[in-house]
>>> print(open('work12.cif').read())   # mmCIF, C-alpha atoms, pLDDT in the B column; chains and numbers go by the auth columns
data_start
#
loop_
_atom_site.group_PDB
_atom_site.id
_atom_site.type_symbol
_atom_site.label_atom_id
_atom_site.label_comp_id
_atom_site.label_asym_id
_atom_site.label_seq_id
_atom_site.Cartn_x
_atom_site.Cartn_y
_atom_site.Cartn_z
_atom_site.B_iso_or_equiv
_atom_site.auth_seq_id
_atom_site.auth_asym_id
ATOM 1 C CA MET A 1 10.483 3.909 7.329 51.00 176 X
ATOM 2 C CA GLU A 2 9.542 5.228 10.720 58.00 177 X
ATOM 3 C CA LYS A 3 8.062 3.080 13.412 60.00 178 X
ATOM 4 C CA SER A 4 4.343 3.678 13.522 59.00 179 X
ATOM 5 C CA ASP A 5 1.521 2.441 15.656 60.00 180 X
ATOM 6 C CA LYS A 6 0.101 -0.606 13.869 61.00 181 X
ATOM 7 C CA ARG A 7 -3.386 0.179 15.108 60.00 182 X
ATOM 8 C CA ASN A 8 -3.338 3.495 13.242 63.00 183 X
ATOM 9 C CA ASP A 9 -1.853 2.049 10.019 69.00 184 X
ATOM 10 C CA ARG A 10 -4.865 1.482 7.770 72.00 185 X
ATOM 11 C CA SER A 11 -2.837 0.944 4.597 72.00 186 X
ATOM 12 C CA LEU A 12 -2.459 -2.738 5.467 75.00 187 X
ATOM 13 C CA TRP A 13 -6.230 -3.134 5.338 86.00 188 X
ATOM 14 C CA ALA A 14 -6.097 -2.504 1.591 88.00 189 X
ATOM 15 C CA VAL A 15 -4.627 -5.962 0.988 88.00 190 X
ATOM 16 C CA GLY A 16 -7.464 -7.714 2.803 90.00 191 X
ATOM 17 C CA GLY A 17 -10.036 -5.485 1.169 92.00 192 X
ATOM 18 C CA GLY A 18 -8.664 -6.167 -2.289 92.00 193 X
ATOM 19 C CA LEU A 19 -8.644 -9.880 -1.595 92.00 194 X
ATOM 20 C CA LEU A 20 -12.268 -9.811 -0.463 94.00 195 X
ATOM 21 C CA LEU A 21 -13.271 -7.793 -3.530 94.00 196 X
ATOM 22 C CA GLY A 22 -11.492 -10.298 -5.746 94.00 197 X
ATOM 23 C CA MET A 23 -13.291 -13.182 -4.077 94.00 198 X
ATOM 24 C CA GLY A 24 -16.627 -11.436 -4.415 94.00 199 X
ATOM 25 C CA ALA A 25 -16.090 -10.812 -8.102 94.00 200 X
ATOM 26 C CA GLY A 26 -14.747 -14.333 -8.543 93.00 201 X
ATOM 27 C CA PHE A 27 -17.926 -15.931 -7.230 95.00 202 X
ATOM 28 C CA PHE A 28 -19.743 -14.630 -10.323 94.00 203 X
ATOM 29 C CA PHE A 29 -17.323 -16.553 -12.550 92.00 204 X
ATOM 30 C CA LEU A 30 -17.028 -19.675 -10.396 91.00 205 X
ATOM 31 C CA GLN A 31 -19.672 -21.717 -12.231 92.00 206 X
ATOM 32 C CA LYS A 32 -18.066 -21.022 -15.620 93.00 207 X
ATOM 33 C CA SER A 33 -14.410 -21.511 -14.722 93.00 208 X
ATOM 34 C CA ALA A 34 -12.465 -22.174 -11.556 94.00 209 X
ATOM 35 C CA LEU A 35 -9.415 -20.521 -13.113 96.00 210 X
ATOM 36 C CA ALA A 36 -11.377 -17.286 -13.528 95.00 211 X
ATOM 37 C CA PHE A 37 -12.178 -17.432 -9.800 95.00 212 X
ATOM 38 C CA VAL A 38 -8.492 -17.839 -8.936 95.00 213 X
ATOM 39 C CA GLY A 39 -7.610 -15.092 -11.393 96.00 214 X
ATOM 40 C CA CYS A 40 -10.025 -12.681 -9.720 95.00 215 X
ATOM 41 C CA ILE A 41 -8.498 -13.467 -6.330 95.00 216 X
ATOM 42 C CA ILE A 42 -4.992 -12.787 -7.659 96.00 217 X
ATOM 43 C CA ILE A 43 -6.113 -9.552 -9.328 95.00 218 X
ATOM 44 C CA GLY A 44 -7.772 -8.406 -6.091 94.00 219 X
ATOM 45 C CA LEU A 45 -4.637 -9.201 -4.113 94.00 220 X
ATOM 46 C CA GLY A 46 -2.469 -7.310 -6.602 94.00 221 X
ATOM 47 C CA LEU A 47 -4.812 -4.335 -6.493 94.00 222 X
ATOM 48 C CA GLY A 48 -4.672 -4.295 -2.700 92.00 223 X
ATOM 49 C CA LEU A 49 -0.878 -4.405 -2.761 92.00 224 X
ATOM 50 C CA MET A 50 -0.732 -1.507 -5.214 93.00 225 X
ATOM 51 C CA VAL A 51 -3.087 0.574 -3.058 90.00 226 X
ATOM 52 C CA THR A 52 -0.924 -0.215 -0.016 90.00 227 X
ATOM 53 C CA ALA A 53 2.193 0.952 -1.868 89.00 228 X
ATOM 54 C CA VAL A 54 0.484 4.195 -2.915 88.00 229 X
ATOM 55 C CA LEU A 55 -0.793 4.844 0.617 84.00 230 X
ATOM 56 C CA SER A 56 2.614 4.253 2.151 81.00 231 X
ATOM 57 C CA LYS A 57 4.222 6.682 -0.327 80.00 232 X
ATOM 58 C CA VAL A 58 1.616 9.350 0.411 80.00 233 X
ATOM 59 C CA LYS A 59 2.052 8.871 4.151 70.00 234 X
ATOM 60 C CA SER A 60 5.868 9.315 4.012 66.00 235 X
#
>>> encode(input="work12.cif", output="structure tokens")
Amino acid sequence: MEKSDKRNDRSLWAVGGGLLLGMGAGFFFLQKSALAFVGCIIIGLGLGLMVTAVLSKVKS
């Protein structure tokens, strides 16, 4: 992988965005089950990591 300017690398933002989306969705399930909240966070994190992998492949 080539060295790139970290300020121009927006693929890393996908992880944080996925995590925030997972938390937002998890707040709807928080009153019913805390495990559903944690599950939504993990799903959001996984989604962000997959988007990051796809973006890094497209960029190469």
>>> resolve_selection(input="work12.cif", expression="the PyMOL selection byres ((chain X and resi 214) around 12)", output="JSON, numbers by chain")
{"X": [194, 197, 198, 199, 200, 201, 202, 204, 205, 208, 209, 210, 211, 212, 213, 215, 216, 217, 218, 219, 220, 221]}
>>> atom_distance(input="work12.cif", atom1="atom CA of X:Lys207", atom2="atom CA of X:Met225")
28.1 Å
>>> atom_distance(input="work12.cif", atom1="atom CA of X:Thr227", atom2="atom CA of X:Gly192")
10.6 Å
>>> axis_aligned_box(input="work12.cif", around="stretch 216-221 of chain X", padding_each_side="6 Å", output="JSON")
{"center_x": -5.5, "center_y": -10.4, "center_z": -6.7, "size_x": 18.0, "size_y": 18.2, "size_z": 17.2}
>>> closest_residue(input="work12.cif", among="X:Val229, X:Gly223, X:Lys234, X:Phe203", to="X:Trp188", atoms="only C-alpha atoms")
X:Gly223
>>> build_atoms(input="work12.cif", residues="stretch 191-218 of chain X", atoms="N, CA and C atoms", output="PDB file, in the coordinates of the input")
ATOM      1  N   GLY X 191      -6.300  -6.889   2.471  1.00 90.00           N
ATOM      2  CA  GLY X 191      -7.464  -7.714   2.803  1.00 90.00           C
ATOM      3  C   GLY X 191      -8.713  -7.282   2.064  1.00 90.00           C
ATOM      4  N   GLY X 192      -8.881  -5.988   1.909  1.00 92.00           N
ATOM      5  CA  GLY X 192     -10.036  -5.485   1.169  1.00 92.00           C
ATOM      6  C   GLY X 192      -9.989  -5.861  -0.297  1.00 92.00           C
ATOM      7  N   GLY X 193      -8.810  -5.770  -0.890  1.00 92.00           N
ATOM      8  CA  GLY X 193      -8.664  -6.167  -2.289  1.00 92.00           C
ATOM      9  C   GLY X 193      -8.896  -7.650  -2.477  1.00 92.00           C
ATOM     10  N   LEU X 194      -8.435  -8.439  -1.527  1.00 92.00           N
ATOM     11  CA  LEU X 194      -8.644  -9.880  -1.595  1.00 92.00           C
ATOM     12  C   LEU X 194     -10.123 -10.225  -1.492  1.00 92.00           C
ATOM     13  N   LEU X 195     -10.826  -9.571  -0.591  1.00 94.00           N
ATOM     14  CA  LEU X 195     -12.268  -9.811  -0.463  1.00 94.00           C
ATOM     15  C   LEU X 195     -13.038  -9.356  -1.700  1.00 94.00           C
ATOM     16  N   LEU X 196     -12.632  -8.237  -2.285  1.00 94.00           N
ATOM     17  CA  LEU X 196     -13.271  -7.793  -3.530  1.00 94.00           C
ATOM     18  C   LEU X 196     -13.028  -8.779  -4.672  1.00 94.00           C
ATOM     19  N   GLY X 197     -11.811  -9.308  -4.724  1.00 94.00           N
ATOM     20  CA  GLY X 197     -11.492 -10.298  -5.746  1.00 94.00           C
ATOM     21  C   GLY X 197     -12.302 -11.572  -5.568  1.00 94.00           C
ATOM     22  N   MET X 198     -12.477 -11.990  -4.333  1.00 94.00           N
ATOM     23  CA  MET X 198     -13.291 -13.182  -4.077  1.00 94.00           C
ATOM     24  C   MET X 198     -14.747 -12.931  -4.436  1.00 94.00           C
ATOM     25  N   GLY X 199     -15.241 -11.767  -4.091  1.00 94.00           N
ATOM     26  CA  GLY X 199     -16.627 -11.436  -4.415  1.00 94.00           C
ATOM     27  C   GLY X 199     -16.876 -11.413  -5.907  1.00 94.00           C
ATOM     28  N   ALA X 200     -15.948 -10.830  -6.645  1.00 94.00           N
ATOM     29  CA  ALA X 200     -16.090 -10.812  -8.102  1.00 94.00           C
ATOM     30  C   ALA X 200     -15.895 -12.211  -8.678  1.00 94.00           C
ATOM     31  N   GLY X 201     -15.017 -12.989  -8.061  1.00 93.00           N
ATOM     32  CA  GLY X 201     -14.747 -14.333  -8.543  1.00 93.00           C
ATOM     33  C   GLY X 201     -15.918 -15.281  -8.401  1.00 93.00           C
ATOM     34  N   PHE X 202     -16.767 -15.053  -7.411  1.00 95.00           N
ATOM     35  CA  PHE X 202     -17.926 -15.931  -7.230  1.00 95.00           C
ATOM     36  C   PHE X 202     -18.894 -15.844  -8.407  1.00 95.00           C
ATOM     37  N   PHE X 203     -18.888 -14.740  -9.134  1.00 94.00           N
ATOM     38  CA  PHE X 203     -19.743 -14.630 -10.323  1.00 94.00           C
ATOM     39  C   PHE X 203     -19.228 -15.517 -11.461  1.00 94.00           C
ATOM     40  N   PHE X 204     -17.928 -15.758 -11.489  1.00 92.00           N
ATOM     41  CA  PHE X 204     -17.323 -16.553 -12.550  1.00 92.00           C
ATOM     42  C   PHE X 204     -17.073 -18.003 -12.145  1.00 92.00           C
ATOM     43  N   LEU X 205     -17.391 -18.365 -10.913  1.00 91.00           N
ATOM     44  CA  LEU X 205     -17.028 -19.675 -10.396  1.00 91.00           C
ATOM     45  C   LEU X 205     -17.712 -20.814 -11.145  1.00 91.00           C
ATOM     46  N   GLN X 206     -18.968 -20.633 -11.547  1.00 92.00           N
ATOM     47  CA  GLN X 206     -19.672 -21.717 -12.231  1.00 92.00           C
ATOM     48  C   GLN X 206     -19.147 -21.927 -13.649  1.00 92.00           C
ATOM     49  N   LYS X 207     -18.596 -20.886 -14.257  1.00 93.00           N
ATOM     50  CA  LYS X 207     -18.066 -21.022 -15.620  1.00 93.00           C
ATOM     51  C   LYS X 207     -16.652 -21.577 -15.607  1.00 93.00           C
ATOM     52  N   SER X 208     -15.804 -21.089 -14.720  1.00 93.00           N
ATOM     53  CA  SER X 208     -14.410 -21.511 -14.722  1.00 93.00           C
ATOM     54  C   SER X 208     -13.788 -21.274 -13.349  1.00 93.00           C
ATOM     55  N   ALA X 209     -13.156 -22.307 -12.836  1.00 94.00           N
ATOM     56  CA  ALA X 209     -12.465 -22.174 -11.556  1.00 94.00           C
ATOM     57  C   ALA X 209     -11.217 -21.304 -11.702  1.00 94.00           C
ATOM     58  N   LEU X 210     -10.601 -21.351 -12.887  1.00 96.00           N
ATOM     59  CA  LEU X 210      -9.415 -20.521 -13.113  1.00 96.00           C
ATOM     60  C   LEU X 210      -9.757 -19.033 -13.112  1.00 96.00           C
ATOM     61  N   ALA X 211     -10.952 -18.684 -13.571  1.00 95.00           N
ATOM     62  CA  ALA X 211     -11.377 -17.286 -13.528  1.00 95.00           C
ATOM     63  C   ALA X 211     -11.553 -16.837 -12.074  1.00 95.00           C
ATOM     64  N   PHE X 212     -12.039 -17.742 -11.230  1.00 95.00           N
ATOM     65  CA  PHE X 212     -12.178 -17.432  -9.800  1.00 95.00           C
ATOM     66  C   PHE X 212     -10.813 -17.158  -9.182  1.00 95.00           C
ATOM     67  N   VAL X 213      -9.850 -18.025  -9.459  1.00 95.00           N
ATOM     68  CA  VAL X 213      -8.492 -17.839  -8.936  1.00 95.00           C
ATOM     69  C   VAL X 213      -7.868 -16.569  -9.508  1.00 95.00           C
ATOM     70  N   GLY X 214      -8.125 -16.308 -10.776  1.00 96.00           N
ATOM     71  CA  GLY X 214      -7.610 -15.092 -11.393  1.00 96.00           C
ATOM     72  C   GLY X 214      -8.152 -13.832 -10.731  1.00 96.00           C
ATOM     73  N   CYS X 215      -9.434 -13.838 -10.403  1.00 95.00           N
ATOM     74  CA  CYS X 215     -10.025 -12.681  -9.720  1.00 95.00           C
ATOM     75  C   CYS X 215      -9.414 -12.484  -8.338  1.00 95.00           C
ATOM     76  N   ILE X 216      -9.137 -13.574  -7.642  1.00 95.00           N
ATOM     77  CA  ILE X 216      -8.498 -13.467  -6.330  1.00 95.00           C
ATOM     78  C   ILE X 216      -7.111 -12.851  -6.470  1.00 95.00           C
ATOM     79  N   ILE X 217      -6.353 -13.307  -7.460  1.00 96.00           N
ATOM     80  CA  ILE X 217      -4.992 -12.787  -7.659  1.00 96.00           C
ATOM     81  C   ILE X 217      -5.033 -11.317  -8.078  1.00 96.00           C
ATOM     82  N   ILE X 218      -5.974 -10.960  -8.915  1.00 95.00           N
ATOM     83  CA  ILE X 218      -6.113  -9.552  -9.328  1.00 95.00           C
ATOM     84  C   ILE X 218      -6.487  -8.681  -8.133  1.00 95.00           C
TER      85      ILE X 218
END
